[in-house]
$ cat final_38.csv   # CSV, C-alpha atoms and all ligand atoms
chain,number,residue,atom,x,y,z
A,1,MET,CA,132.9,82.8,89.9
A,2,PHE,CA,131.6,85.5,92.3
A,3,PRO,CA,130.7,83.5,95.4
A,4,PHE,CA,127.7,85.6,96.6
A,5,PRO,CA,126.1,87.2,93.6
A,6,ASP,CA,123.1,88.5,95.5
A,7,ALA,CA,125.2,91.1,97.3
A,8,ARG,CA,125.8,92.8,93.9
A,9,TYR,CA,122.1,93.7,93.6
A,10,LEU,CA,122.4,96.1,96.6
A,11,ASN,CA,124.1,98.9,94.7
A,12,ASP,CA,123.1,102.1,93.0
A,13,PHE,CA,119.8,102.6,94.9
A,14,ASP,CA,117.7,105.3,96.4
A,15,VAL,CA,115.9,105.3,99.8
A,16,PHE,CA,112.8,107.5,100.0
A,17,ILE,CA,109.8,107.9,102.3
A,18,THR,CA,106.3,108.1,101.1
A,19,SER,CA,102.9,108.8,102.7
A,20,THR,CA,101.1,106.6,100.1
A,21,ASN,CA,102.0,103.0,99.3
A,22,SER,CA,103.9,104.1,96.1
A,23,SER,CA,107.3,103.1,94.8
A,24,ASP,CA,107.5,106.1,92.6
A,25,PRO,CA,110.1,108.6,93.9
A,26,LYS,CA,108.0,111.6,92.8
A,27,ASP,CA,105.4,110.5,95.4
A,28,GLY,CA,107.9,110.6,98.3
A,29,ARG,CA,110.7,112.5,99.8
A,30,MET,CA,114.3,111.5,99.3
A,31,CYS,CA,116.2,110.2,102.2
A,32,ALA,CA,119.5,109.0,100.7
A,33,SER,CA,121.2,107.6,97.6
A,34,TYR,CA,123.8,104.9,97.6
A,35,GLN,CA,126.3,104.5,94.8
A,36,ASN,CA,129.3,102.3,94.9
A,37,SER,CA,131.8,102.3,92.1
A,38,SER,CA,132.6,98.7,92.9
A,39,THR,CA,130.2,96.0,93.9
A,40,THR,CA,128.9,95.9,97.5
A,41,SER,CA,130.8,93.3,99.5
A,42,PRO,CA,128.8,90.4,101.0
A,43,ALA,CA,127.6,91.0,104.5
A,44,SER,CA,128.3,94.7,104.3
A,45,ILE,CA,126.5,97.1,106.6
A,46,ILE,CA,125.5,100.3,104.9
A,47,VAL,CA,124.5,103.2,107.1
A,48,LEU,CA,122.6,106.0,105.4
A,49,VAL,CA,121.6,109.3,107.1
A,50,CYS,CA,118.7,111.1,105.5
A,51,ILE,CA,119.7,114.3,103.6
A,52,ASN,CA,116.3,115.8,104.5
A,53,GLN,CA,115.7,116.2,108.2
A,54,PRO,CA,113.2,115.1,109.1
A,55,THR,CA,112.0,112.8,106.4
A,56,ARG,CA,108.4,112.1,107.4
A,57,GLY,CA,106.2,109.4,106.0
A,58,ARG,CA,104.6,106.0,106.5
A,59,TYR,CA,106.4,103.9,103.9
A,60,LEU,CA,110.1,103.4,103.4
A,61,VAL,CA,111.1,102.4,99.8
A,62,VAL,CA,114.4,101.1,98.7
A,63,ARG,CA,114.6,101.3,94.9
A,64,ARG,CA,117.3,100.4,92.4
A,65,GLN,CA,118.2,103.3,90.1
A,66,PRO,CA,117.1,102.6,86.6
A,67,THR,CA,120.6,103.6,85.4
A,68,ALA,CA,122.3,101.1,87.7
A,69,SER,CA,125.1,99.4,85.8
A,70,PHE,CA,124.3,95.9,87.0
A,71,ARG,CA,120.9,94.2,87.0
A,72,PRO,CA,118.6,97.2,88.0
A,73,ASP,CA,115.7,94.7,88.0
A,74,ALA,CA,117.1,92.9,91.0
A,75,ILE,CA,117.6,93.8,94.7
A,76,ALA,CA,118.7,91.6,97.7
A,77,ILE,CA,118.5,92.8,101.3
A,78,ALA,CA,119.5,90.8,104.3
A,79,GLU,CA,118.3,93.2,107.0
A,80,ILE,CA,117.0,96.7,107.3
A,81,ARG,CA,117.0,98.9,110.4
A,82,VAL,CA,115.2,102.2,110.5
A,83,PHE,CA,116.1,104.8,113.1
A,84,THR,CA,113.6,107.6,113.8
A,85,LYS,CA,113.3,110.4,116.2
A,86,PHE,CA,110.1,111.8,117.6
A,87,SER,CA,110.8,115.3,118.6
A,88,ASP,CA,112.2,118.3,116.7
A,89,ASN,CA,114.9,119.2,119.2
A,90,GLN,CA,117.1,116.3,118.1
A,91,ALA,CA,116.5,114.4,121.4
A,92,VAL,CA,116.1,110.7,121.1
A,93,VAL,CA,113.2,109.8,123.3
A,94,GLY,CA,113.2,106.1,123.6
A,95,PRO,CA,112.4,103.3,121.2
A,96,LYS,CA,109.1,102.8,119.4
A,97,ASN,CA,110.0,99.7,117.5
A,98,GLN,CA,112.1,96.6,117.5
A,99,ALA,CA,114.8,98.2,115.4
A,100,THR,CA,115.5,100.5,118.3
A,101,THR,CA,115.4,98.1,121.2
A,102,SER,CA,117.8,95.8,119.4
A,103,ARG,CA,120.6,98.3,119.5
A,104,VAL,CA,121.3,98.4,123.2
A,105,ILE,CA,123.4,95.8,125.1
A,106,GLN,CA,125.0,95.5,128.5
A,107,SER,CA,127.6,93.5,130.4
A,108,GLY,CA,125.3,90.6,131.5
A,109,THR,CA,121.7,91.0,132.5
A,110,TRP,CA,120.3,90.5,136.1
A,111,GLN,CA,117.2,88.4,135.9
A,112,ASN,CA,114.9,89.9,133.2
A,113,LEU,CA,116.1,93.5,133.5
A,114,GLY,CA,117.4,93.8,130.0
A,115,ALA,CA,119.4,96.8,128.4
A,116,GLU,CA,116.3,97.8,126.4
A,117,LEU,CA,114.4,98.8,129.6
A,118,ALA,CA,116.7,101.9,129.7
A,119,VAL,CA,115.2,103.2,126.4
A,120,ASP,CA,111.6,102.1,126.6
A,121,GLY,CA,110.3,105.6,127.3
A,122,ASN,CA,109.1,104.5,130.7
A,123,SER,CA,110.9,105.9,133.7
A,124,SER,CA,109.4,103.3,136.1
A,125,THR,CA,111.3,100.4,134.3
A,126,TRP,CA,115.0,99.9,134.5
A,127,SER,CA,117.9,97.9,133.1
A,128,THR,CA,120.2,96.1,135.5
A,129,THR,CA,123.5,94.6,134.6
A,130,ASP,CA,125.4,92.1,136.7
A,131,THR,CA,128.7,91.0,135.4
A,132,SER,CA,129.2,88.5,138.2
A,133,ILE,CA,126.6,86.2,136.8
A,134,ASP,CA,127.7,86.3,133.1
A,135,PRO,CA,130.9,84.3,132.4
A,136,THR,CA,131.6,86.6,129.4
A,137,TRP,CA,132.0,89.7,131.6
A,138,ALA,CA,132.8,88.1,135.0
A,139,GLY,CA,134.9,90.3,137.2
A,140,GLN,CA,134.7,93.3,134.9
A,141,LEU,CA,133.3,96.8,135.6
A,142,ALA,CA,129.6,97.0,134.5
A,143,TRP,CA,128.6,98.9,131.3
A,144,TRP,CA,125.7,99.6,129.1
A,145,GLN,CA,125.9,100.6,125.4
A,146,MET,CA,123.6,102.1,122.8
A,147,ASP,CA,124.3,102.1,119.1
A,148,LEU,CA,123.4,105.5,117.8
A,149,GLY,CA,123.0,104.1,114.2
A,150,ALA,CA,125.6,106.6,112.9
A,151,VAL,CA,128.4,108.7,114.1
A,152,ARG,CA,126.9,111.6,116.1
A,153,ASN,CA,128.3,114.7,117.8
A,154,VAL,CA,126.7,114.2,121.2
A,155,THR,CA,126.3,117.3,123.3
A,156,GLU,CA,124.5,116.0,126.4
A,157,VAL,CA,123.2,112.8,128.0
A,158,THR,CA,120.2,112.6,130.3
A,159,ILE,CA,120.0,109.7,132.7
A,160,THR,CA,117.1,108.7,135.0
A,161,SER,CA,118.0,106.5,137.9
A,162,SER,CA,115.9,103.6,139.0
A,163,THR,CA,113.0,104.2,141.3
A,164,ASP,CA,114.1,101.1,143.3
A,165,TYR,CA,116.4,101.9,146.1
A,166,THR,CA,118.8,99.0,145.7
A,167,ASN,CA,119.1,99.4,141.9
A,168,SER,CA,119.5,103.1,142.1
A,169,ARG,CA,122.6,102.6,144.2
A,170,TYR,CA,124.3,100.9,141.2
A,171,LEU,CA,124.4,104.3,139.4
A,172,LYS,CA,127.5,105.8,140.9
A,173,ASP,CA,131.0,106.6,139.8
A,174,PHE,CA,130.6,106.3,136.1
A,175,SER,CA,132.0,107.6,132.8
A,176,ILE,CA,130.0,108.5,129.7
A,177,ASP,CA,132.0,107.8,126.6
A,178,LEU,CA,131.4,108.0,122.8
A,179,LEU,CA,133.0,105.1,120.9
A,180,MET,CA,133.8,104.6,117.3
A,181,ASN,CA,134.1,100.8,117.9
A,182,SER,CA,131.5,98.8,119.9
A,183,ARG,CA,132.4,97.8,123.5
A,184,MET,CA,131.9,94.2,122.2
A,185,ASN,CA,135.0,94.8,120.0
A,186,SER,CA,138.4,94.2,121.5
A,187,ILE,CA,139.7,97.5,120.1
A,188,TRP,CA,136.8,99.5,121.6
A,189,THR,CA,139.1,101.9,123.4
A,190,SER,CA,140.5,103.0,120.0
A,191,GLY,CA,138.6,106.2,119.1
A,192,ALA,CA,136.9,106.4,122.5
A,193,THR,CA,136.2,110.0,123.8
A,194,GLN,CA,134.9,110.9,127.2
A,195,CYS,CA,131.8,113.0,127.2
A,196,TYR,CA,131.5,113.2,131.0
A,197,TYR,CA,132.9,111.7,134.2
A,198,PHE,CA,130.7,111.5,137.2
A,199,ARG,CA,131.9,110.8,140.8
A,200,GLY,CA,129.3,110.2,143.5
A,201,ASP,CA,125.8,108.8,143.9
A,202,VAL,CA,122.6,109.6,142.0
A,203,GLU,CA,119.4,110.1,144.0
A,204,MET,CA,116.8,107.4,143.5
A,205,GLY,CA,114.5,108.2,140.6
A,206,ALA,CA,116.4,111.4,139.7
A,207,THR,CA,116.8,112.7,136.2
A,208,VAL,CA,120.1,114.4,135.6
A,209,THR,CA,121.5,115.9,132.4
A,210,TYR,CA,125.3,115.5,131.9
A,211,LYS,CA,126.6,118.1,129.4
A,212,CYS,CA,129.6,116.8,127.5
A,213,TYR,CA,132.8,118.8,128.0
A,214,ASN,CA,132.7,119.2,124.2
A,215,PRO,CA,130.5,117.9,121.5
A,216,THR,CA,131.7,114.4,121.4
A,217,PRO,CA,131.7,112.3,118.3
A,218,GLY,CA,131.0,108.6,118.3
A,219,ARG,CA,128.8,105.8,116.9
A,220,TYR,CA,128.2,104.1,120.3
A,221,LEU,CA,127.2,105.7,123.6
A,222,LEU,CA,128.8,103.9,126.5
A,223,ILE,CA,128.0,104.3,130.2
A,224,ARG,CA,130.4,102.4,132.4
A,225,ARG,CA,131.3,102.1,136.0
A,226,VAL,CA,134.9,103.2,136.7
A,227,ASP,CA,135.9,102.4,140.3
A,228,THR,CA,136.6,98.8,141.3
A,229,ASN,CA,136.5,99.8,144.9
A,230,ALA,CA,133.1,101.4,144.8
A,231,TYR,CA,129.9,99.7,145.9
A,232,ARG,CA,129.0,96.8,143.5
A,233,PRO,CA,131.1,97.9,140.5
A,234,ASP,CA,129.8,94.9,138.6
A,235,ALA,CA,126.3,96.3,138.6
A,236,LEU,CA,124.8,99.3,136.7
A,237,SER,CA,121.1,100.2,136.6
A,238,LEU,CA,119.4,102.7,134.3
A,239,ALA,CA,115.8,103.7,134.1
A,240,GLU,CA,116.0,105.9,131.0
A,241,VAL,CA,118.8,107.2,128.8
A,242,GLN,CA,118.4,110.0,126.3
A,243,TYR,CA,120.9,112.1,124.4
A,244,LYS,CA,121.2,115.1,122.2
A,245,TYR,CA,123.5,115.8,119.4
A,246,VAL,CA,124.4,118.6,116.9
B,1,CA,CA,112.7,102.5,131.3

$ encode --input "final_38.csv" --output "C-alpha cells"
Amino acid sequence: MFPFPDARYLNDFDVFITSTNSSDPKDGRMCASYQNSSTTSPASIIVLVCINQPTRGRYLVVRRQPTASFRPDAIAIAEIRVFTKFSDNQAVVGPKNQATTSRVIQSGTWQNLGAELAVDGNSSTWSTTDTSIDPTWAGQLAWWQMDLGAVRNVTEVTITSSTDYTNSRYLKDFSIDLLMNSRMNSIWTSGATQCYYFRGDVEMGATVTYKCYNPTPGRYLLIRRVDTNAYRPDALSLAEVQYKYV
C-alpha cells in the first residue's frame, strides 16, 4: 500500500496568476506547469520559476490538469511560498510578506535583532547575529543567509550597514558567497562559489554595492565573517541586503 497517497495528488498541474478570482486558465497568465512521469514523493519541495516574467496578478491558482493520469479531481498541498519582485530591473527590494521574511536565517540572534530585519526594506533597522550566545553556533564565524527561492546567477549584492555605531563595526572582513546547499547543511561548502571578498571596515550607515567577480550561480546568498582574529568575528550586523541577477 502506498504510505502517503495524498502526495500523489500533487502532479500534472498548472500554476497561473489571475486578476479576477477565477480558476479558469483563460482568465489568467501562465506561470508554470509541472509534470512528473512518476508520482511526486512525499514531502517533496517543488520550485517553479514563472515562464512569463513578470507574471502580474492578484490571485495565484494551482490547478490539476484535466488530462492528469491520476485523480485530476484531487489536489493536496502542504505549503506554498510565493516569491515576488517589485521592480523591473530584477533587483529584490526587501520582503513584502511572510513568505519572504521566512527565508532568511543567521548564526544565532542577538536579542530581538532577527535575520529578517536585513530585508524589511527599512535601512534604519538591522539584524545582528551573535554566535557566542547560541549553543548551535558557539565559537563559529558569524553568517547570514538568504534563500533566493531558486538558483540565480547573481551579479551584484548591495549591503547597507547599521546606523548604530557598535553594530556597524560588526560588518567587516566578510565574504559574499552563493551556495547550492544551505549553510544549515553539513555539505554547504559543496557547490559554494565566491561572489566577492571584502577586507576592511564599512562606514556606519553606508550603502555599498559589491559586484561579483563573475555572475555567480547559487540558490542561497551567504554573507559570512572570515577572520577569526578580527574584531568580534562572532557578530555580523546588516541593515539591508539586496541583490541583482541575470
Ligand atoms: Ca532593515

$ closest_residue --input "final_38.csv" --among "A:Ile223, A:Thr228, A:Ala239, A:Arg183" --to "Ser168 of chain A" --atoms "all atoms listed in the file"
A:Ala239

$ closest_residue --input "final_38.csv" --among "A:Thr67, A:Thr166, A:Thr125, A:Gln111" --to "Glu203 of chain A" --atoms "only C-alpha atoms"
A:Thr166

$ atom_distance --input "final_38.csv" --atom1 "atom CA of Thr136 of chain A" --atom2 "atom CA of Asn112 of chain A"
17.4 Å

$ residues_near_ligand --input "final_38.csv" --ligand "ligand CA 1 (chain B)" --cutoff "7 Å" --atoms "all atoms listed in the file" --output "VMD selection string"
chain A and resid 117 to 126 239 to 240

$ closest_residue --input "final_38.csv" --among "A:Tyr213, A:Tyr165, A:Trp144, A:Tyr196" --to "Val241 of chain A" --atoms "all atoms listed in the file"
A:Trp144

$ closest_residue --input "final_38.csv" --among "A:Arg71, A:Arg29, A:Arg232, A:Arg152" --to "Ile51 of chain A" --atoms "only C-alpha atoms"
A:Arg29

$ atom_distance --input "final_38.csv" --atom1 "atom CA of Thr39 of chain A" --atom2 "atom CA of Asn11 of chain A"
6.8 Å

$ closest_residue --input "final_38.csv" --among "A:Leu148, A:Ala68, A:Met184, A:Leu179" --to "Lys244 of chain A" --atoms "only C-alpha atoms"
A:Leu148

$ closest_residue --input "final_38.csv" --among "A:Ile159, A:Leu171, A:Ala138, A:Ile17" --to "Met30 of chain A" --atoms "all atoms listed in the file"
A:Ile17

$ atom_distance --input "final_38.csv" --atom1 "atom CA of Tyr170 of chain A" --atom2 "atom CA of Gly200 of chain A"
10.8 Å

$ residues_around --input "final_38.csv" --residues "Phe70 of chain A" --least-positions-apart "5" --cutoff "10 Å" --atoms "only C-alpha atoms" --output "PyMOL selection string"
chain A and resi 8-12+39+64

$ write_last_selection --input "final_38.csv" --atoms "C-alpha atoms" --output "PDB file, in the frame of the given file"
ATOM      1  CA  ARG A   8     125.800  92.800  93.900  1.00  0.00           C
ATOM      2  CA  TYR A   9     122.100  93.700  93.600  1.00  0.00           C
ATOM      3  CA  LEU A  10     122.400  96.100  96.600  1.00  0.00           C
ATOM      4  CA  ASN A  11     124.100  98.900  94.700  1.00  0.00           C
ATOM      5  CA  ASP A  12     123.100 102.100  93.000  1.00  0.00           C
ATOM      6  CA  THR A  39     130.200  96.000  93.900  1.00  0.00           C
ATOM      7  CA  ARG A  64     117.300 100.400  92.400  1.00  0.00           C
TER       8      ARG A  64
END

$ residues_near_point --input "final_38.csv" --point "(123.9, 115.2, 127.4)" --cutoff "8 Å" --atoms "only C-alpha atoms" --output "PyMOL selection string"
chain A and resi 154-158+209-212+242-244

$ residues_near_point --input "final_38.csv" --point "(130.0, 92.8, 121.2)" --cutoff "12 Å" --atoms "all atoms listed in the file" --output "NGL selection string"
:A and (103-108 or 136-137 or 143-147 or 181-188 or 220)

$ residues_around --input "final_38.csv" --residues "Asn21 of chain A" --least-positions-apart "6" --cutoff "12 Å" --atoms "all atoms listed in the file" --output "PyMOL selection string"
chain A and resi 27-28+57-61

$ decode --input "final_38.csv" --residues "segment 77-187 of chain A" --atoms "C-alpha atoms" --output "PDB file, in the first residue's frame"
ATOM      1  CA  ILE A  77      -0.632  20.886  -0.834  1.00  0.00           C
ATOM      2  CA  ALA A  78       1.314  21.044   2.420  1.00  0.00           C
ATOM      3  CA  GLU A  79       2.768  24.519   1.965  1.00  0.00           C
ATOM      4  CA  ILE A  80       3.100  27.195  -0.699  1.00  0.00           C
ATOM      5  CA  ARG A  81       5.589  30.027  -0.831  1.00  0.00           C
ATOM      6  CA  VAL A  82       5.327  32.789  -3.390  1.00  0.00           C
ATOM      7  CA  PHE A  83       8.324  34.903  -4.296  1.00  0.00           C
ATOM      8  CA  THR A  84       7.783  38.243  -5.951  1.00  0.00           C
ATOM      9  CA  LYS A  85       9.844  41.165  -7.047  1.00  0.00           C
ATOM     10  CA  PHE A  86       8.751  44.728  -7.101  1.00  0.00           C
ATOM     11  CA  SER A  87      10.907  46.454  -9.664  1.00  0.00           C
ATOM     12  CA  ASP A  88      11.636  45.814 -13.307  1.00  0.00           C
ATOM     13  CA  ASN A  89      15.426  45.815 -13.017  1.00  0.00           C
ATOM     14  CA  GLN A  90      15.495  42.400 -11.363  1.00  0.00           C
ATOM     15  CA  ALA A  91      16.502  43.842  -8.012  1.00  0.00           C
ATOM     16  CA  VAL A  92      14.910  42.251  -4.999  1.00  0.00           C
ATOM     17  CA  VAL A  93      13.925  45.107  -2.730  1.00  0.00           C
ATOM     18  CA  GLY A  94      13.014  43.543   0.540  1.00  0.00           C
ATOM     19  CA  PRO A  95      10.145  41.393   1.682  1.00  0.00           C
ATOM     20  CA  LYS A  96       6.539  42.345   1.474  1.00  0.00           C
ATOM     21  CA  ASN A  97       5.050  39.253   3.022  1.00  0.00           C
ATOM     22  CA  GLN A  98       5.700  36.406   5.403  1.00  0.00           C
ATOM     23  CA  ALA A  99       6.871  34.085   2.651  1.00  0.00           C
ATOM     24  CA  THR A 100       9.856  36.349   2.090  1.00  0.00           C
ATOM     25  CA  THR A 101      10.799  37.022   5.683  1.00  0.00           C
ATOM     26  CA  SER A 102      10.832  33.315   6.459  1.00  0.00           C
ATOM     27  CA  ARG A 103      13.655  32.643   4.014  1.00  0.00           C
ATOM     28  CA  VAL A 104      16.480  34.379   5.887  1.00  0.00           C
ATOM     29  CA  ILE A 105      18.439  32.864   8.770  1.00  0.00           C
ATOM     30  CA  GLN A 106      21.583  33.697  10.724  1.00  0.00           C
ATOM     31  CA  SER A 107      24.023  32.079  13.137  1.00  0.00           C
ATOM     32  CA  GLY A 108      22.255  32.948  16.351  1.00  0.00           C
ATOM     33  CA  THR A 109      20.322  36.143  17.036  1.00  0.00           C
ATOM     34  CA  TRP A 110      21.331  38.899  19.447  1.00  0.00           C
ATOM     35  CA  GLN A 111      18.315  39.953  21.473  1.00  0.00           C
ATOM     36  CA  ASN A 112      15.461  40.573  19.016  1.00  0.00           C
ATOM     37  CA  LEU A 113      17.582  41.621  16.019  1.00  0.00           C
ATOM     38  CA  GLY A 114      16.436  38.811  13.725  1.00  0.00           C
ATOM     39  CA  ALA A 115      17.777  37.973  10.255  1.00  0.00           C
ATOM     40  CA  GLU A 116      14.600  39.315   8.619  1.00  0.00           C
ATOM     41  CA  LEU A 117      15.467  42.874   9.662  1.00  0.00           C
ATOM     42  CA  ALA A 118      18.095  42.879   6.905  1.00  0.00           C
ATOM     43  CA  VAL A 119      15.392  42.508   4.243  1.00  0.00           C
ATOM     44  CA  ASP A 120      12.489  44.534   5.604  1.00  0.00           C
ATOM     45  CA  GLY A 121      13.033  47.451   3.224  1.00  0.00           C
ATOM     46  CA  ASN A 122      13.893  49.747   6.134  1.00  0.00           C
ATOM     47  CA  SER A 123      17.512  50.891   6.345  1.00  0.00           C
ATOM     48  CA  SER A 124      17.060  52.073   9.935  1.00  0.00           C
ATOM     49  CA  THR A 125      16.525  48.511  11.229  1.00  0.00           C
ATOM     50  CA  TRP A 126      19.241  45.858  11.266  1.00  0.00           C
ATOM     51  CA  SER A 127      19.891  42.223  12.000  1.00  0.00           C
ATOM     52  CA  THR A 128      22.604  41.241  14.446  1.00  0.00           C
ATOM     53  CA  THR A 129      23.940  37.759  14.896  1.00  0.00           C
ATOM     54  CA  ASP A 130      25.884  36.608  17.907  1.00  0.00           C
ATOM     55  CA  THR A 131      27.217  33.091  17.744  1.00  0.00           C
ATOM     56  CA  SER A 132      28.589  33.268  21.256  1.00  0.00           C
ATOM     57  CA  ILE A 133      25.103  33.127  22.762  1.00  0.00           C
ATOM     58  CA  ASP A 134      23.711  30.341  20.580  1.00  0.00           C
ATOM     59  CA  PRO A 135      24.980  26.851  21.522  1.00  0.00           C
ATOM     60  CA  THR A 136      24.402  25.702  17.934  1.00  0.00           C
ATOM     61  CA  TRP A 137      26.939  28.137  16.531  1.00  0.00           C
ATOM     62  CA  ALA A 138      29.137  28.857  19.558  1.00  0.00           C
ATOM     63  CA  GLY A 139      32.679  29.772  18.618  1.00  0.00           C
ATOM     64  CA  GLN A 140      31.994  29.947  14.896  1.00  0.00           C
ATOM     65  CA  LEU A 141      32.380  32.830  12.494  1.00  0.00           C
ATOM     66  CA  ALA A 142      29.118  34.735  12.113  1.00  0.00           C
ATOM     67  CA  TRP A 143      26.977  34.395   8.981  1.00  0.00           C
ATOM     68  CA  TRP A 144      23.661  35.439   7.474  1.00  0.00           C
ATOM     69  CA  GLN A 145      21.877  33.592   4.677  1.00  0.00           C
ATOM     70  CA  MET A 146      19.028  34.303   2.278  1.00  0.00           C
ATOM     71  CA  ASP A 147      17.229  31.637   0.283  1.00  0.00           C
ATOM     72  CA  LEU A 148      16.753  33.062  -3.221  1.00  0.00           C
ATOM     73  CA  GLY A 149      13.938  30.610  -3.914  1.00  0.00           C
ATOM     74  CA  ALA A 150      15.681  29.215  -7.000  1.00  0.00           C
ATOM     75  CA  VAL A 151      19.177  29.036  -8.426  1.00  0.00           C
ATOM     76  CA  ARG A 152      20.076  32.546  -9.606  1.00  0.00           C
ATOM     77  CA  ASN A 153      23.066  33.979 -11.442  1.00  0.00           C
ATOM     78  CA  VAL A 154      23.831  36.803  -9.039  1.00  0.00           C
ATOM     79  CA  THR A 155      25.747  39.776 -10.467  1.00  0.00           C
ATOM     80  CA  GLU A 156      25.953  42.125  -7.507  1.00  0.00           C
ATOM     81  CA  VAL A 157      24.991  42.454  -3.860  1.00  0.00           C
ATOM     82  CA  THR A 158      24.207  45.743  -2.153  1.00  0.00           C
ATOM     83  CA  ILE A 159      24.610  45.952   1.604  1.00  0.00           C
ATOM     84  CA  THR A 160      23.631  48.782   3.927  1.00  0.00           C
ATOM     85  CA  SER A 161      25.421  48.835   7.260  1.00  0.00           C
ATOM     86  CA  SER A 162      23.763  49.569  10.553  1.00  0.00           C
ATOM     87  CA  THR A 163      23.179  53.168  11.595  1.00  0.00           C
ATOM     88  CA  ASP A 164      24.260  52.143  15.102  1.00  0.00           C
ATOM     89  CA  TYR A 165      27.980  52.616  15.664  1.00  0.00           C
ATOM     90  CA  THR A 166      28.600  49.426  17.632  1.00  0.00           C
ATOM     91  CA  ASN A 167      26.604  47.228  15.283  1.00  0.00           C
ATOM     92  CA  SER A 168      28.154  48.787  12.186  1.00  0.00           C
ATOM     93  CA  ARG A 169      31.548  47.636  13.399  1.00  0.00           C
ATOM     94  CA  TYR A 170      30.430  44.024  13.007  1.00  0.00           C
ATOM     95  CA  LEU A 171      30.346  44.461   9.225  1.00  0.00           C
ATOM     96  CA  LYS A 172      33.991  43.923   8.382  1.00  0.00           C
ATOM     97  CA  ASP A 173      36.207  41.321   6.716  1.00  0.00           C
ATOM     98  CA  PHE A 174      33.482  39.283   5.066  1.00  0.00           C
ATOM     99  CA  SER A 175      32.885  37.023   2.091  1.00  0.00           C
ATOM    100  CA  ILE A 176      29.776  37.003  -0.092  1.00  0.00           C
ATOM    101  CA  ASP A 177      29.121  33.519  -1.417  1.00  0.00           C
ATOM    102  CA  LEU A 178      26.490  31.769  -3.470  1.00  0.00           C
ATOM    103  CA  LEU A 179      25.659  28.265  -2.284  1.00  0.00           C
ATOM    104  CA  MET A 180      23.852  25.335  -3.825  1.00  0.00           C
ATOM    105  CA  ASN A 181      23.318  23.843  -0.347  1.00  0.00           C
ATOM    106  CA  SER A 182      22.066  25.793   2.649  1.00  0.00           C
ATOM    107  CA  ARG A 183      24.577  26.822   5.321  1.00  0.00           C
ATOM    108  CA  MET A 184      22.418  24.736   7.638  1.00  0.00           C
ATOM    109  CA  ASN A 185      23.501  21.671   5.669  1.00  0.00           C
ATOM    110  CA  SER A 186      26.759  19.968   6.628  1.00  0.00           C
ATOM    111  CA  ILE A 187      27.796  19.855   2.951  1.00  0.00           C
TER     112      ILE A 187
END
